[in-house]
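Q: Below: one structure in C-alpha coordinates.
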Amino acid sequence: MPPETTSESAAATRPLTVRAIQAQLGATLSGDADALISGVSALEIAQPGELTFAEGRRYLPQVRQTRGSAIIVPQDFPAVEGRTLLRVEHPREAFLKAVYLFFQPKGAAEGGIHRQAVIAPDAQLGNGV
(Lines give C-alpha, C1' and ligand atoms only; values in the text may rest on other atoms or scores of the structure.)
Protein backbone atom coordinates (compact mmCIF):
# COMPACT_ATOMS: atom_id res chain seq x y z
CA MET A 1 0.00 0.00 0.00
CA PRO A 2 1.42 3.44 -0.92
CA PRO A 3 2.25 5.92 1.82
CA GLU A 4 -0.52 8.32 2.76
CA THR A 5 -0.02 12.01 2.10
CA THR A 6 0.10 12.59 5.86
CA SER A 7 2.82 10.00 6.45
CA GLU A 8 5.29 10.77 9.21
CA SER A 9 8.02 8.94 7.32
CA ALA A 10 7.81 10.75 4.00
CA ALA A 11 7.62 14.28 2.68
CA ALA A 12 5.54 15.23 -0.36
CA THR A 13 7.23 16.90 -3.30
CA ARG A 14 5.80 19.45 -5.74
CA PRO A 15 2.89 18.59 -8.10
CA LEU A 16 3.75 17.07 -11.48
CA THR A 17 1.89 17.12 -14.78
CA VAL A 18 0.63 13.84 -16.17
CA ARG A 19 3.02 14.45 -19.08
CA ALA A 20 5.98 14.53 -16.67
CA ILE A 21 4.82 11.31 -15.01
CA GLN A 22 4.38 9.72 -18.43
CA ALA A 23 7.98 10.54 -19.31
CA GLN A 24 9.29 9.11 -16.02
CA LEU A 25 7.31 5.88 -16.42
CA GLY A 26 7.75 5.44 -20.17
CA ALA A 27 3.97 5.21 -20.47
CA THR A 28 1.60 5.75 -23.37
CA LEU A 29 -0.81 8.56 -22.51
CA SER A 30 -4.44 9.07 -23.40
CA GLY A 31 -6.25 12.00 -21.83
CA ASP A 32 -5.24 15.27 -20.19
CA ALA A 33 -1.43 15.52 -20.34
CA ASP A 34 -1.46 18.86 -18.49
CA ALA A 35 -3.47 17.72 -15.46
CA LEU A 36 -1.58 18.36 -12.22
CA ILE A 37 -0.97 15.42 -9.92
CA SER A 38 0.00 16.09 -6.31
CA GLY A 39 -0.12 12.61 -4.80
CA VAL A 40 -1.08 8.96 -5.08
CA SER A 41 -3.92 6.90 -3.69
CA ALA A 42 -5.82 3.63 -3.95
CA LEU A 43 -8.25 3.38 -6.86
CA GLU A 44 -11.38 3.32 -4.68
CA ILE A 45 -10.49 6.42 -2.64
CA ALA A 46 -8.46 8.52 -5.07
CA GLN A 47 -9.41 12.20 -5.21
CA PRO A 48 -8.94 14.85 -7.92
CA GLY A 49 -5.24 15.60 -8.27
CA GLU A 50 -4.21 12.06 -7.34
CA LEU A 51 -2.69 9.24 -9.38
CA THR A 52 -3.88 5.67 -8.95
CA PHE A 53 -3.63 2.34 -10.78
CA ALA A 54 -5.65 -0.65 -11.98
CA GLU A 55 -3.95 -3.98 -12.68
CA GLY A 56 -6.42 -5.32 -15.20
CA ARG A 57 -9.77 -5.18 -16.98
CA ARG A 58 -11.55 -6.52 -13.90
CA TYR A 59 -11.09 -3.04 -12.42
CA LEU A 60 -12.91 -1.30 -15.28
CA PRO A 61 -15.96 -0.41 -13.10
CA GLN A 62 -13.70 1.17 -10.47
CA VAL A 63 -11.75 3.07 -13.14
CA ARG A 64 -15.02 4.50 -14.42
CA GLN A 65 -16.02 5.57 -10.89
CA THR A 66 -12.73 6.82 -9.45
CA ARG A 67 -12.32 10.51 -8.73
CA GLY A 68 -8.56 10.24 -9.33
CA SER A 69 -7.16 12.44 -12.07
CA ALA A 70 -4.99 9.80 -13.77
CA ILE A 71 -4.87 6.01 -13.71
CA ILE A 72 -1.97 3.71 -14.54
CA VAL A 73 -3.34 0.71 -16.46
CA PRO A 74 -2.04 -2.22 -18.54
CA GLN A 75 -1.31 -1.71 -22.24
CA ASP A 76 -4.46 -3.60 -23.29
CA PHE A 77 -6.86 -1.73 -20.98
CA PRO A 78 -9.93 -0.41 -22.84
CA ALA A 79 -10.38 3.31 -23.42
CA VAL A 80 -12.56 5.02 -20.82
CA GLU A 81 -14.21 8.27 -21.85
CA GLY A 82 -13.28 11.19 -19.63
CA ARG A 83 -10.37 9.36 -17.95
CA THR A 84 -6.66 10.04 -18.26
CA LEU A 85 -4.87 6.72 -18.65
CA LEU A 86 -1.16 5.95 -18.50
CA ARG A 87 -0.62 2.61 -20.25
CA VAL A 88 2.36 0.52 -19.14
CA GLU A 89 3.48 -3.10 -19.25
CA HIS A 90 3.36 -3.59 -15.45
CA PRO A 91 0.95 -1.19 -13.68
CA ARG A 92 1.86 -2.16 -10.10
CA GLU A 93 5.58 -1.60 -10.72
CA ALA A 94 4.90 1.69 -12.50
CA PHE A 95 2.73 2.85 -9.60
CA LEU A 96 5.52 2.08 -7.16
CA LYS A 97 7.90 4.16 -9.27
CA ALA A 98 5.32 6.95 -9.28
CA VAL A 99 5.08 6.87 -5.49
CA TYR A 100 8.77 7.75 -5.36
CA LEU A 101 8.16 10.73 -7.65
CA PHE A 102 5.93 12.22 -4.94
CA PHE A 103 7.51 11.11 -1.70
CA GLN A 104 11.05 11.29 -0.42
CA PRO A 105 12.02 9.64 2.87
CA LYS A 106 12.47 12.30 5.56
CA GLY A 107 16.09 13.19 5.87
CA ALA A 108 16.88 12.03 2.34
CA ALA A 109 20.01 13.80 1.25
CA GLU A 110 19.79 16.13 -1.70
CA GLY A 111 23.53 15.96 -2.10
CA GLY A 112 26.58 15.71 0.08
CA ILE A 113 27.13 13.30 2.93
CA HIS A 114 24.40 12.65 5.48
CA ARG A 115 25.33 13.80 8.98
CA GLN A 116 24.93 10.26 10.35
CA ALA A 117 26.86 8.50 7.58
CA VAL A 118 29.76 6.30 8.64
CA ILE A 119 32.54 6.31 6.06
CA ALA A 120 35.83 4.43 6.30
CA PRO A 121 38.85 6.73 6.51
CA ASP A 122 40.34 5.17 3.36
CA ALA A 123 37.06 5.25 1.36
CA GLN A 124 37.18 6.86 -2.08
CA LEU A 125 33.83 8.24 -3.20
CA GLY A 126 33.00 9.05 -6.81
CA ASN A 127 31.54 12.33 -8.01
CA GLY A 128 27.97 12.94 -6.86
CA VAL A 129 28.08 10.26 -4.17
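The chains in the C-alpha coordinates are called A, B, ... from first to last as shown; in each chain the residues are counted from 1, and the ligands are counted from 1 in the order shown.
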What residues in range 16-51 of chain A get the DSSP label strand (DSSP E or B)? Please answer as a list in words.
A: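 Selection result, strand (DSSP E or B) within range 16-51 of chain A: Leu16, Thr17, Thr28, Leu29, Ser30, Leu36, Ile37, Gly39, Val40, Glu50 and Leu51 of chain A.
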Q: Ranking A:Val63, A:Ile72, A:Leu16, A:Ala123 by minimum distance to Thr28 in chain A and counting only C-alpha atoms, which one comes first?
A: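 Between A:Val63, A:Ile72, A:Leu16, A:Ala123, the residue approaching Thr28 in chain A most closely is A:Ile72.
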Q: Just the residues within 10 Å of Leu36 in chain A, please, counting only C-alpha atoms, with nothing from its chain fewer than 2 positions along; format it as a list in words.
A: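 Near neighbours after the sequence-gap exclusion: Arg14, Pro15, Leu16, Thr17, Val18, Arg19, Ala20, Ile21, Asp32, Ala33, Asp34, Ser38, Gly39, Pro48, Gly49, Glu50, Leu51, Ser69 and Ala70 of chain A.
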Q: For each of A:Ile45, A:Leu60, A:Ala98, A:Ala117, take the minimum atom-to-atom distance to Arg83 in chain A, counting only C-alpha atoms, then give the residue where this is smallest.
A: A:Leu60
Q: Name all residues at most 9 Å from Leu29 in chain A (count only C-alpha atoms; drop same-chain ones fewer than 6 positions away) and give them as a PyMOL selection string.
A: chain A and resi 18-19+22+84-87
Q: Give me, as a list in words, the residues of range 4-125 of chain A that a backbone DSSP run labels helix (DSSP H, G or I).
A: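 Helix (DSSP H, G or I) members of range 4-125 of chain A, listed: Val18, Arg19, Ala20, Ile21, Gln22, Ala23, Gln24, Leu25, Arg57, Arg58, Tyr59, Leu60, Pro61, Gln62, Val63, Arg64, Gln65, Pro91, Arg92, Glu93, Ala94, Phe95, Leu96, Lys97, Ala98, Val99, Tyr100, Leu101 and Phe102 of chain A.
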Q: With only C-alpha atoms as the atoms that count, which of A:Gln116, A:Ser30, A:Ala94, A:Arg67 lies nearest to Glu81 in chain A?
A: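 Between A:Gln116, A:Ser30, A:Ala94, A:Arg67, the residue approaching Glu81 in chain A most closely is A:Ser30.
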Q: Choose the residue, out of A:Ala120, A:Ala79, A:Ala54, A:Ala46, that has the smallest atom-to-atom separation from Glu93 in chain A; count only C-alpha atoms.
A: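 Smallest separation from Glu93 in chain A among the options: A:Ala54.
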